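Trainee: Input file: start.cif. Contents: mmCIF, N, CA and C atoms.
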data_data
loop_
_atom_site.label_atom_id
_atom_site.label_comp_id
_atom_site.auth_asym_id
_atom_site.auth_seq_id
_atom_site.Cartn_x
_atom_site.Cartn_y
_atom_site.Cartn_z
N MET A 4 94.28 4.16 154.66
CA MET A 4 94.95 5.23 155.32
C MET A 4 94.92 5.06 156.82
N ALA A 5 93.77 4.93 157.36
CA ALA A 5 93.67 4.79 158.80
C ALA A 5 93.36 3.34 159.12
N SER A 6 93.96 2.84 160.16
CA SER A 6 93.63 1.48 160.52
C SER A 6 93.15 1.39 161.96
N ASP A 7 93.76 2.10 162.85
CA ASP A 7 93.35 2.02 164.25
C ASP A 7 93.14 3.43 164.79
N VAL A 8 92.09 3.58 165.56
CA VAL A 8 91.81 4.85 166.21
C VAL A 8 91.66 4.57 167.69
N ALA A 9 92.40 5.28 168.53
CA ALA A 9 92.29 5.09 169.97
C ALA A 9 91.79 6.38 170.59
N ALA A 10 90.65 6.33 171.24
CA ALA A 10 90.14 7.49 171.96
C ALA A 10 90.72 7.41 173.36
N GLY A 11 91.86 8.03 173.53
CA GLY A 11 92.60 7.90 174.78
C GLY A 11 92.06 8.76 175.90
N SER A 12 92.31 8.32 177.13
CA SER A 12 91.84 9.07 178.28
C SER A 12 92.83 10.16 178.70
N LYS A 13 94.03 10.20 178.09
CA LYS A 13 95.02 11.22 178.45
C LYS A 13 94.62 12.59 177.94
N ASP A 14 93.90 12.65 176.85
CA ASP A 14 93.43 13.91 176.29
C ASP A 14 91.93 13.84 176.14
N PRO A 15 91.19 14.84 176.65
CA PRO A 15 89.74 14.77 176.57
C PRO A 15 89.20 14.72 175.15
N ALA A 16 89.97 15.22 174.19
CA ALA A 16 89.51 15.21 172.80
C ALA A 16 89.76 13.86 172.14
N GLY A 17 90.60 13.02 172.72
CA GLY A 17 90.88 11.70 172.17
C GLY A 17 92.19 11.67 171.40
N LEU A 18 92.66 10.47 171.17
CA LEU A 18 93.90 10.23 170.45
C LEU A 18 93.61 9.31 169.28
N LEU A 19 94.12 9.65 168.11
CA LEU A 19 93.98 8.80 166.93
C LEU A 19 95.28 8.05 166.69
N VAL A 20 95.15 6.79 166.39
CA VAL A 20 96.28 5.98 165.97
C VAL A 20 95.88 5.39 164.63
N PHE A 21 96.66 5.67 163.58
CA PHE A 21 96.28 5.23 162.24
C PHE A 21 97.52 5.04 161.37
N ARG A 22 97.31 4.45 160.20
CA ARG A 22 98.39 4.27 159.22
C ARG A 22 98.04 5.05 157.98
N GLU A 23 99.04 5.70 157.40
CA GLU A 23 98.86 6.38 156.12
C GLU A 23 98.67 5.34 155.03
N GLN A 24 98.01 5.73 153.95
CA GLN A 24 97.81 4.85 152.82
C GLN A 24 99.16 4.40 152.26
N PHE A 25 99.31 3.12 151.95
CA PHE A 25 100.52 2.51 151.40
C PHE A 25 101.70 2.55 152.37
N SER A 26 101.44 2.65 153.67
CA SER A 26 102.50 2.68 154.65
C SER A 26 102.17 1.72 155.79
N SER A 27 103.19 1.12 156.37
CA SER A 27 102.97 0.24 157.52
C SER A 27 103.34 0.94 158.82
N VAL A 28 103.77 2.18 158.75
CA VAL A 28 104.15 2.95 159.92
C VAL A 28 102.90 3.47 160.63
N THR A 29 102.81 3.23 161.92
CA THR A 29 101.67 3.70 162.71
C THR A 29 101.92 5.13 163.17
N ILE A 30 100.90 5.95 163.07
CA ILE A 30 100.97 7.36 163.47
C ILE A 30 99.99 7.59 164.61
N SER A 31 100.40 8.35 165.60
CA SER A 31 99.51 8.74 166.71
C SER A 31 99.44 10.26 166.75
N ASP A 32 98.25 10.78 166.90
CA ASP A 32 98.08 12.22 167.00
C ASP A 32 96.77 12.52 167.71
N LEU A 33 96.62 13.75 168.16
CA LEU A 33 95.38 14.15 168.82
C LEU A 33 94.24 14.19 167.81
N LEU A 34 93.08 13.81 168.25
CA LEU A 34 91.90 13.79 167.41
C LEU A 34 91.68 15.12 166.71
N ALA A 35 91.85 16.20 167.43
CA ALA A 35 91.62 17.53 166.88
C ALA A 35 92.56 17.86 165.72
N ARG A 36 93.73 17.23 165.66
CA ARG A 36 94.68 17.51 164.59
C ARG A 36 94.53 16.56 163.40
N CYS A 37 93.63 15.59 163.48
CA CYS A 37 93.48 14.60 162.41
C CYS A 37 92.23 14.82 161.57
N TRP A 38 91.62 15.96 161.70
CA TRP A 38 90.38 16.21 160.97
C TRP A 38 90.56 16.15 159.46
N ALA A 39 91.74 16.44 158.97
CA ALA A 39 91.98 16.45 157.52
C ALA A 39 92.48 15.11 156.97
N THR A 40 92.65 14.11 157.84
CA THR A 40 93.10 12.80 157.38
C THR A 40 92.03 12.20 156.48
N ASP A 41 92.44 11.71 155.32
CA ASP A 41 91.44 11.21 154.37
C ASP A 41 91.15 9.72 154.60
N PHE A 42 90.38 9.45 155.66
CA PHE A 42 89.98 8.10 156.01
C PHE A 42 89.15 7.45 154.90
N GLU A 43 88.56 8.25 154.02
CA GLU A 43 87.76 7.71 152.93
C GLU A 43 88.59 6.91 151.93
N ASN A 44 89.90 7.04 151.98
CA ASN A 44 90.78 6.27 151.10
C ASN A 44 91.46 5.12 151.83
N SER A 45 91.03 4.85 153.04
CA SER A 45 91.65 3.80 153.85
C SER A 45 91.18 2.41 153.44
N PRO A 46 92.09 1.46 153.46
CA PRO A 46 91.64 0.08 153.27
C PRO A 46 90.90 -0.37 154.53
N PRO A 47 90.01 -1.33 154.41
CA PRO A 47 89.27 -1.80 155.60
C PRO A 47 90.20 -2.41 156.64
N VAL A 48 89.87 -2.22 157.93
CA VAL A 48 90.66 -2.84 158.99
C VAL A 48 90.32 -4.31 159.10
N ARG A 49 89.13 -4.67 158.68
CA ARG A 49 88.76 -6.08 158.60
C ARG A 49 87.98 -6.28 157.31
N ARG A 50 88.19 -7.41 156.70
CA ARG A 50 87.56 -7.71 155.42
C ARG A 50 86.11 -8.15 155.61
N VAL A 51 85.30 -7.88 154.62
CA VAL A 51 83.92 -8.35 154.60
C VAL A 51 83.97 -9.85 154.30
N ALA A 52 83.44 -10.65 155.22
CA ALA A 52 83.47 -12.10 155.05
C ALA A 52 82.29 -12.58 154.21
N ALA A 53 82.56 -13.50 153.32
CA ALA A 53 81.51 -14.13 152.52
C ALA A 53 81.84 -15.61 152.40
N TYR A 54 80.93 -16.45 152.87
CA TYR A 54 81.16 -17.88 152.83
C TYR A 54 79.82 -18.60 152.74
N LYS A 55 79.86 -19.81 152.26
CA LYS A 55 78.65 -20.61 152.08
C LYS A 55 78.00 -20.88 153.44
N GLY A 56 76.69 -20.66 153.51
CA GLY A 56 75.94 -20.94 154.72
C GLY A 56 75.91 -19.81 155.74
N GLN A 57 76.51 -18.66 155.44
CA GLN A 57 76.48 -17.56 156.42
C GLN A 57 75.06 -17.05 156.59
N ARG A 58 74.77 -16.45 157.74
CA ARG A 58 73.42 -16.04 158.08
C ARG A 58 73.07 -14.64 157.61
N HIS A 59 74.04 -13.89 157.17
CA HIS A 59 73.78 -12.53 156.69
C HIS A 59 74.25 -12.40 155.24
N PHE A 60 73.81 -11.34 154.61
CA PHE A 60 74.15 -11.09 153.20
C PHE A 60 75.27 -10.07 153.14
N SER A 61 76.40 -10.44 152.57
CA SER A 61 77.50 -9.49 152.45
C SER A 61 78.02 -9.50 151.03
N GLY A 62 78.74 -8.43 150.69
CA GLY A 62 79.27 -8.34 149.35
C GLY A 62 79.91 -7.00 149.09
N LEU A 63 80.06 -6.69 147.82
CA LEU A 63 80.65 -5.42 147.39
C LEU A 63 79.66 -4.68 146.49
N TRP A 64 79.58 -3.38 146.67
CA TRP A 64 78.73 -2.53 145.83
C TRP A 64 79.65 -1.61 145.04
N TRP A 65 79.45 -1.56 143.72
CA TRP A 65 80.23 -0.64 142.89
C TRP A 65 79.63 0.76 143.05
N CYS A 66 80.38 1.64 143.67
CA CYS A 66 79.93 3.02 143.87
C CYS A 66 80.37 3.84 142.66
N ALA A 67 79.41 4.22 141.84
CA ALA A 67 79.71 5.00 140.65
C ALA A 67 80.25 6.38 141.00
N SER A 68 79.85 6.91 142.15
CA SER A 68 80.28 8.25 142.54
C SER A 68 81.77 8.31 142.89
N ILE A 69 82.35 7.20 143.32
CA ILE A 69 83.77 7.19 143.68
C ILE A 69 84.59 6.21 142.85
N ASN A 70 83.95 5.52 141.91
CA ASN A 70 84.61 4.60 140.97
C ASN A 70 85.37 3.46 141.64
N ARG A 71 84.76 2.83 142.64
CA ARG A 71 85.36 1.65 143.24
C ARG A 71 84.33 0.87 144.06
N HIS A 72 84.68 -0.36 144.40
CA HIS A 72 83.81 -1.19 145.22
C HIS A 72 83.92 -0.80 146.69
N VAL A 73 82.78 -0.90 147.39
CA VAL A 73 82.74 -0.68 148.83
C VAL A 73 81.98 -1.86 149.43
N GLY A 74 82.51 -2.42 150.53
CA GLY A 74 81.91 -3.60 151.13
C GLY A 74 80.70 -3.29 152.00
N PHE A 75 79.85 -4.31 152.14
CA PHE A 75 78.70 -4.24 153.05
C PHE A 75 78.51 -5.61 153.67
N GLU A 76 77.88 -5.66 154.86
CA GLU A 76 77.70 -6.91 155.58
C GLU A 76 76.24 -7.24 155.88
N SER A 77 75.32 -6.51 155.32
CA SER A 77 73.90 -6.81 155.51
C SER A 77 73.11 -6.08 154.43
N TRP A 78 71.84 -6.48 154.27
CA TRP A 78 70.96 -5.79 153.32
C TRP A 78 70.81 -4.33 153.73
N LEU A 79 70.70 -4.07 155.02
CA LEU A 79 70.53 -2.71 155.51
C LEU A 79 71.76 -1.85 155.19
N GLU A 80 72.95 -2.41 155.39
CA GLU A 80 74.17 -1.67 155.04
C GLU A 80 74.22 -1.41 153.54
N ARG A 81 73.84 -2.41 152.74
CA ARG A 81 73.83 -2.22 151.29
C ARG A 81 72.88 -1.10 150.88
N ASP A 82 71.69 -1.07 151.50
CA ASP A 82 70.72 -0.02 151.19
C ASP A 82 71.27 1.37 151.55
N HIS A 83 71.94 1.48 152.69
CA HIS A 83 72.56 2.76 153.07
C HIS A 83 73.67 3.14 152.10
N LEU A 84 74.43 2.15 151.67
CA LEU A 84 75.51 2.39 150.72
C LEU A 84 74.97 2.90 149.39
N ILE A 85 73.87 2.31 148.92
CA ILE A 85 73.25 2.76 147.67
C ILE A 85 72.78 4.21 147.82
N ARG A 86 72.17 4.52 148.96
CA ARG A 86 71.71 5.90 149.20
C ARG A 86 72.89 6.87 149.21
N LEU A 87 74.00 6.47 149.86
CA LEU A 87 75.19 7.32 149.88
C LEU A 87 75.76 7.51 148.48
N ASP A 88 75.71 6.45 147.66
CA ASP A 88 76.22 6.53 146.29
C ASP A 88 75.43 7.53 145.45
N PHE A 89 74.14 7.66 145.72
CA PHE A 89 73.30 8.59 144.96
C PHE A 89 73.26 9.99 145.56
N ASP A 90 73.89 10.19 146.71
CA ASP A 90 73.90 11.49 147.38
C ASP A 90 74.98 12.37 146.76
N ALA A 91 74.58 13.47 146.15
CA ALA A 91 75.53 14.36 145.46
C ALA A 91 76.50 15.05 146.41
N THR A 92 76.17 15.11 147.71
CA THR A 92 77.07 15.76 148.67
C THR A 92 78.15 14.82 149.18
N VAL A 93 78.11 13.54 148.81
CA VAL A 93 79.11 12.56 149.25
C VAL A 93 80.22 12.46 148.20
N LYS A 94 81.47 12.67 148.63
CA LYS A 94 82.62 12.63 147.73
C LYS A 94 83.57 11.47 148.02
N GLY A 95 83.36 10.75 149.13
CA GLY A 95 84.20 9.61 149.46
C GLY A 95 83.52 8.69 150.44
N ILE A 96 83.71 7.38 150.26
CA ILE A 96 83.12 6.38 151.15
C ILE A 96 84.14 5.28 151.37
N ALA A 97 84.31 4.84 152.62
CA ALA A 97 85.17 3.70 152.93
C ALA A 97 84.46 2.80 153.91
N SER A 98 84.57 1.50 153.68
CA SER A 98 83.96 0.51 154.56
C SER A 98 84.96 0.08 155.63
N GLN A 99 84.58 0.18 156.88
CA GLN A 99 85.39 -0.22 158.05
C GLN A 99 86.84 0.25 157.97
N PRO A 100 87.05 1.56 157.82
CA PRO A 100 88.40 2.08 157.60
C PRO A 100 89.21 2.31 158.87
N LEU A 101 88.59 2.20 160.05
CA LEU A 101 89.32 2.51 161.27
C LEU A 101 88.77 1.73 162.44
N ARG A 102 89.59 1.64 163.48
CA ARG A 102 89.19 0.99 164.73
C ARG A 102 89.26 2.03 165.83
N ILE A 103 88.20 2.13 166.61
CA ILE A 103 88.16 3.06 167.73
C ILE A 103 88.37 2.24 169.00
N THR A 104 89.35 2.62 169.79
CA THR A 104 89.58 1.97 171.08
C THR A 104 89.13 2.93 172.17
N PHE A 105 88.24 2.45 173.03
CA PHE A 105 87.64 3.29 174.07
C PHE A 105 88.41 3.21 175.37
N PRO A 106 88.29 4.26 176.21
CA PRO A 106 88.93 4.24 177.53
C PRO A 106 88.35 3.13 178.41
N GLU A 107 89.07 2.74 179.44
CA GLU A 107 88.73 1.64 180.32
C GLU A 107 87.33 1.64 180.93
N PRO A 108 86.80 2.75 181.46
CA PRO A 108 85.53 2.64 182.18
C PRO A 108 84.32 2.25 181.31
N LEU A 109 84.44 2.34 180.01
CA LEU A 109 83.31 2.00 179.15
C LEU A 109 83.18 0.48 179.01
N PRO A 110 81.95 -0.01 178.83
CA PRO A 110 81.75 -1.46 178.76
C PRO A 110 82.35 -2.09 177.49
N GLN A 111 82.46 -1.33 176.43
CA GLN A 111 83.00 -1.83 175.17
C GLN A 111 84.41 -1.29 175.02
N THR A 112 85.38 -2.14 174.64
CA THR A 112 86.76 -1.69 174.56
C THR A 112 87.14 -1.16 173.19
N TRP A 113 86.50 -1.66 172.12
CA TRP A 113 86.81 -1.17 170.78
C TRP A 113 85.61 -1.35 169.87
N HIS A 114 85.66 -0.64 168.73
CA HIS A 114 84.56 -0.70 167.77
C HIS A 114 85.09 -0.34 166.38
N VAL A 115 84.59 -1.05 165.37
CA VAL A 115 84.91 -0.73 163.98
C VAL A 115 83.63 -0.20 163.34
N PRO A 116 83.57 1.10 163.01
CA PRO A 116 82.37 1.66 162.38
C PRO A 116 82.16 1.07 160.99
N ASP A 117 80.92 1.06 160.53
CA ASP A 117 80.60 0.49 159.22
C ASP A 117 81.18 1.31 158.08
N TYR A 118 81.04 2.63 158.14
CA TYR A 118 81.50 3.47 157.04
C TYR A 118 82.09 4.77 157.54
N PHE A 119 83.02 5.30 156.75
CA PHE A 119 83.47 6.68 156.88
C PHE A 119 83.07 7.37 155.59
N VAL A 120 82.40 8.51 155.71
CA VAL A 120 81.91 9.25 154.55
C VAL A 120 82.50 10.64 154.56
N ARG A 121 83.04 11.08 153.42
CA ARG A 121 83.53 12.45 153.27
C ARG A 121 82.53 13.20 152.41
N ARG A 122 82.01 14.30 152.97
CA ARG A 122 81.06 15.13 152.23
C ARG A 122 81.80 16.16 151.38
N ALA A 123 81.10 16.74 150.44
CA ALA A 123 81.69 17.72 149.52
C ALA A 123 82.23 18.94 150.25
N ASP A 124 81.64 19.28 151.39
CA ASP A 124 82.12 20.44 152.15
C ASP A 124 83.35 20.11 153.00
N GLY A 125 83.86 18.87 152.91
CA GLY A 125 85.06 18.48 153.63
C GLY A 125 84.81 17.80 154.97
N ILE A 126 83.58 17.81 155.44
CA ILE A 126 83.25 17.20 156.73
C ILE A 126 83.26 15.69 156.60
N GLY A 127 83.88 15.02 157.57
CA GLY A 127 83.90 13.56 157.63
C GLY A 127 82.82 13.08 158.58
N VAL A 128 82.16 11.99 158.20
CA VAL A 128 81.07 11.44 159.01
C VAL A 128 81.33 9.95 159.21
N VAL A 129 81.27 9.50 160.47
CA VAL A 129 81.38 8.08 160.79
C VAL A 129 79.96 7.54 160.87
N VAL A 130 79.69 6.45 160.12
CA VAL A 130 78.34 5.91 160.01
C VAL A 130 78.31 4.48 160.55
N ASP A 131 77.38 4.23 161.47
CA ASP A 131 77.09 2.89 161.94
C ASP A 131 75.68 2.55 161.50
N VAL A 132 75.52 1.42 160.84
CA VAL A 132 74.21 1.01 160.33
C VAL A 132 73.72 -0.14 161.19
N ARG A 133 72.61 0.10 161.87
CA ARG A 133 72.04 -0.92 162.73
C ARG A 133 70.55 -0.65 162.90
N PRO A 134 69.70 -1.68 162.82
CA PRO A 134 68.28 -1.45 163.07
C PRO A 134 68.06 -1.00 164.52
N ASP A 135 67.11 -0.12 164.74
CA ASP A 135 66.84 0.40 166.08
C ASP A 135 66.59 -0.72 167.09
N ALA A 136 65.95 -1.79 166.67
CA ALA A 136 65.63 -2.90 167.57
C ALA A 136 66.88 -3.62 168.06
N LYS A 137 67.99 -3.48 167.35
CA LYS A 137 69.23 -4.17 167.74
C LYS A 137 70.21 -3.29 168.50
N VAL A 138 69.84 -2.04 168.79
CA VAL A 138 70.70 -1.15 169.55
C VAL A 138 70.44 -1.41 171.03
N LYS A 139 71.46 -1.96 171.71
CA LYS A 139 71.34 -2.32 173.12
C LYS A 139 71.64 -1.12 174.01
N ALA A 140 71.23 -1.21 175.27
CA ALA A 140 71.43 -0.12 176.22
C ALA A 140 72.91 0.19 176.41
N GLU A 141 73.78 -0.85 176.47
CA GLU A 141 75.21 -0.61 176.63
C GLU A 141 75.83 0.06 175.41
N ASP A 142 75.26 -0.20 174.21
CA ASP A 142 75.73 0.50 173.00
C ASP A 142 75.37 1.97 173.05
N GLN A 143 74.21 2.28 173.59
CA GLN A 143 73.79 3.69 173.71
C GLN A 143 74.70 4.45 174.65
N LYS A 144 75.24 3.80 175.68
CA LYS A 144 76.18 4.45 176.60
C LYS A 144 77.47 4.83 175.88
N VAL A 145 77.92 3.96 174.99
CA VAL A 145 79.17 4.19 174.28
C VAL A 145 79.00 5.26 173.20
N PHE A 146 77.89 5.20 172.47
CA PHE A 146 77.68 6.10 171.35
C PHE A 146 76.68 7.18 171.68
#
As structure tokens, how would this structure be written, given the file I've shared?

Mentor:
Amino acid sequence: MASDVAAGSKDPAGLLVFREQFSSVTISDLLARCWATDFENSPPVRRVAAYKGQRHFSGLWWCASINRHVGFESWLERDHLIRLDFDATVKGIASQPLRITFPEPLPQTWHVPDYFVRRADGIGVVVDVRPDAKVKAEDQKVF
């Protein structure tokens, strides 16, 4: 459903740019008006890579709660995915469903979050899985 998200500097709330599921047409709208977009049904903006000799463990986890595979790119992501699958308040999960583009003054220009999670109460949560030791100072400025 969503492929690209741009947090624009023209509106303090941000601007979303995304594609509807099964459509190649790009849609732009204010962040505040996209709260009901079902990013949990979005295809990934980038595929989980798996190849011989890679340094990390990646793959697909069958989520019984949503009846489909969801990708992961590390043991830590897989562990979080398993926990989300067993969480009764989670009704939807998507791996790397959107791209966030940041305004110019920030050190990072774009980011693809690990997961988008839809809770039973309708709230959407963007999840980034990273060990505390790997969170750099410039990442803390952005997030």

Trainee: Leaving out Trp78 in chain A and any residue of its chain fewer than 6 positions from it, which residues lie within 12 Å of it when counting only C-alpha atoms, given as a ChimeraX atom specification?

Mentor: /A:58-64,84-85,132-134

Trainee: What is the atom N of Ala123 in chain A to atom C of Ala91 in chain A distance in Å?

Mentor: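 Taking atom N of Ala123 in chain A and atom C of Ala91 in chain A, their separation equals 6.3 Å.
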
Trainee: What does the structure give for the distance between atom C of Pro46 in chain A and atom N of Val115 in chain A, in Å to one decimal?

Mentor: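 A separation of 12.6 Å between them.
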
Trainee: By how many Å are atom N of Gln57 in chain A and CA of Val138 in chain A apart?

Mentor: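 Atom-to-atom, atom N of Gln57 in chain A to CA of Val138 in chain A, that is 23.2 Å.
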
Trainee: What lies within 9 Å of range 117-120 of chain A using only C-alpha atoms, ignoring chain neighbours under 6 positions off, as a list in words?

Mentor: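 That gives Phe42, Glu43, Phe75, Glu76, Glu80, Leu84, Leu87, Val93, Lys94, Gly95, Ile96, Ala97, Ser98, Gln99, Pro100, Leu101, Ile126, Gly127, Val128, Val129, Val130, Asp131 and Val132 of chain A.
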
Trainee: For those residues, write N, CA and C atoms to a file as a tab-separated table (two decimals), keeping the file's coordinate frame.

Mentor:
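Result file follows (selection21.tsv):
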chain	number	residue	atom	x	y	z
A	42	PHE	N	90.38	9.45	155.66
A	42	PHE	CA	89.98	8.10	156.01
A	42	PHE	C	89.15	7.45	154.90
A	43	GLU	N	88.56	8.25	154.02
A	43	GLU	CA	87.76	7.71	152.93
A	43	GLU	C	88.59	6.91	151.93
A	75	PHE	N	79.85	-4.31	152.14
A	75	PHE	CA	78.70	-4.24	153.05
A	75	PHE	C	78.51	-5.61	153.67
A	76	GLU	N	77.88	-5.66	154.86
A	76	GLU	CA	77.70	-6.91	155.58
A	76	GLU	C	76.24	-7.24	155.88
A	80	GLU	N	72.95	-2.41	155.39
A	80	GLU	CA	74.17	-1.67	155.04
A	80	GLU	C	74.22	-1.41	153.54
A	84	LEU	N	74.43	2.15	151.67
A	84	LEU	CA	75.51	2.39	150.72
A	84	LEU	C	74.97	2.90	149.39
A	87	LEU	N	74.00	6.47	149.86
A	87	LEU	CA	75.19	7.32	149.88
A	87	LEU	C	75.76	7.51	148.48
A	93	VAL	N	78.11	13.54	148.81
A	93	VAL	CA	79.11	12.56	149.25
A	93	VAL	C	80.22	12.46	148.20
A	94	LYS	N	81.47	12.67	148.63
A	94	LYS	CA	82.62	12.63	147.73
A	94	LYS	C	83.57	11.47	148.02
A	95	GLY	N	83.36	10.75	149.13
A	95	GLY	CA	84.20	9.61	149.46
A	95	GLY	C	83.52	8.69	150.44
A	96	ILE	N	83.71	7.38	150.26
A	96	ILE	CA	83.12	6.38	151.15
A	96	ILE	C	84.14	5.28	151.37
A	97	ALA	N	84.31	4.84	152.62
A	97	ALA	CA	85.17	3.70	152.93
A	97	ALA	C	84.46	2.80	153.91
A	98	SER	N	84.57	1.50	153.68
A	98	SER	CA	83.96	0.51	154.56
A	98	SER	C	84.96	0.08	155.63
A	99	GLN	N	84.58	0.18	156.88
A	99	GLN	CA	85.39	-0.22	158.05
A	99	GLN	C	86.84	0.25	157.97
A	100	PRO	N	87.05	1.56	157.82
A	100	PRO	CA	88.40	2.08	157.60
A	100	PRO	C	89.21	2.31	158.87
A	101	LEU	N	88.59	2.20	160.05
A	101	LEU	CA	89.32	2.51	161.27
A	101	LEU	C	88.77	1.73	162.44
A	126	ILE	N	83.58	17.81	155.44
A	126	ILE	CA	83.25	17.20	156.73
A	126	ILE	C	83.26	15.69	156.60
A	127	GLY	N	83.88	15.02	157.57
A	127	GLY	CA	83.90	13.56	157.63
A	127	GLY	C	82.82	13.08	158.58
A	128	VAL	N	82.16	11.99	158.20
A	128	VAL	CA	81.07	11.44	159.01
A	128	VAL	C	81.33	9.95	159.21
A	129	VAL	N	81.27	9.50	160.47
A	129	VAL	CA	81.38	8.08	160.79
A	129	VAL	C	79.96	7.54	160.87
A	130	VAL	N	79.69	6.45	160.12
A	130	VAL	CA	78.34	5.91	160.01
A	130	VAL	C	78.31	4.48	160.55
A	131	ASP	N	77.38	4.23	161.47
A	131	ASP	CA	77.09	2.89	161.94
A	131	ASP	C	75.68	2.55	161.50
A	132	VAL	N	75.52	1.42	160.84
A	132	VAL	CA	74.21	1.01	160.33
A	132	VAL	C	73.72	-0.14	161.19

Trainee: Taking only C-alpha atoms into account, which of A:Ala67, A:Val73, A:Ala140, A:Leu79 comes nearest Val51 in chain A?

Mentor: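 Ranked by minimum distance to Val51 in chain A, first place goes to A:Val73.
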
Trainee: List every residue of range 31-145 of chain A that DSSP, applied to the backbone of this structure, assigns to alpha helix (DSSP H), and report them as a ChimeraX atom specification.

Mentor: /A:78-89,140-145

Trainee: What residues in range 64-94 of chain A get the DSSP label strand (DSSP E or B)? Please answer as a PyMOL selection string.

Mentor: chain A and resi 64-66+71-75+93-94
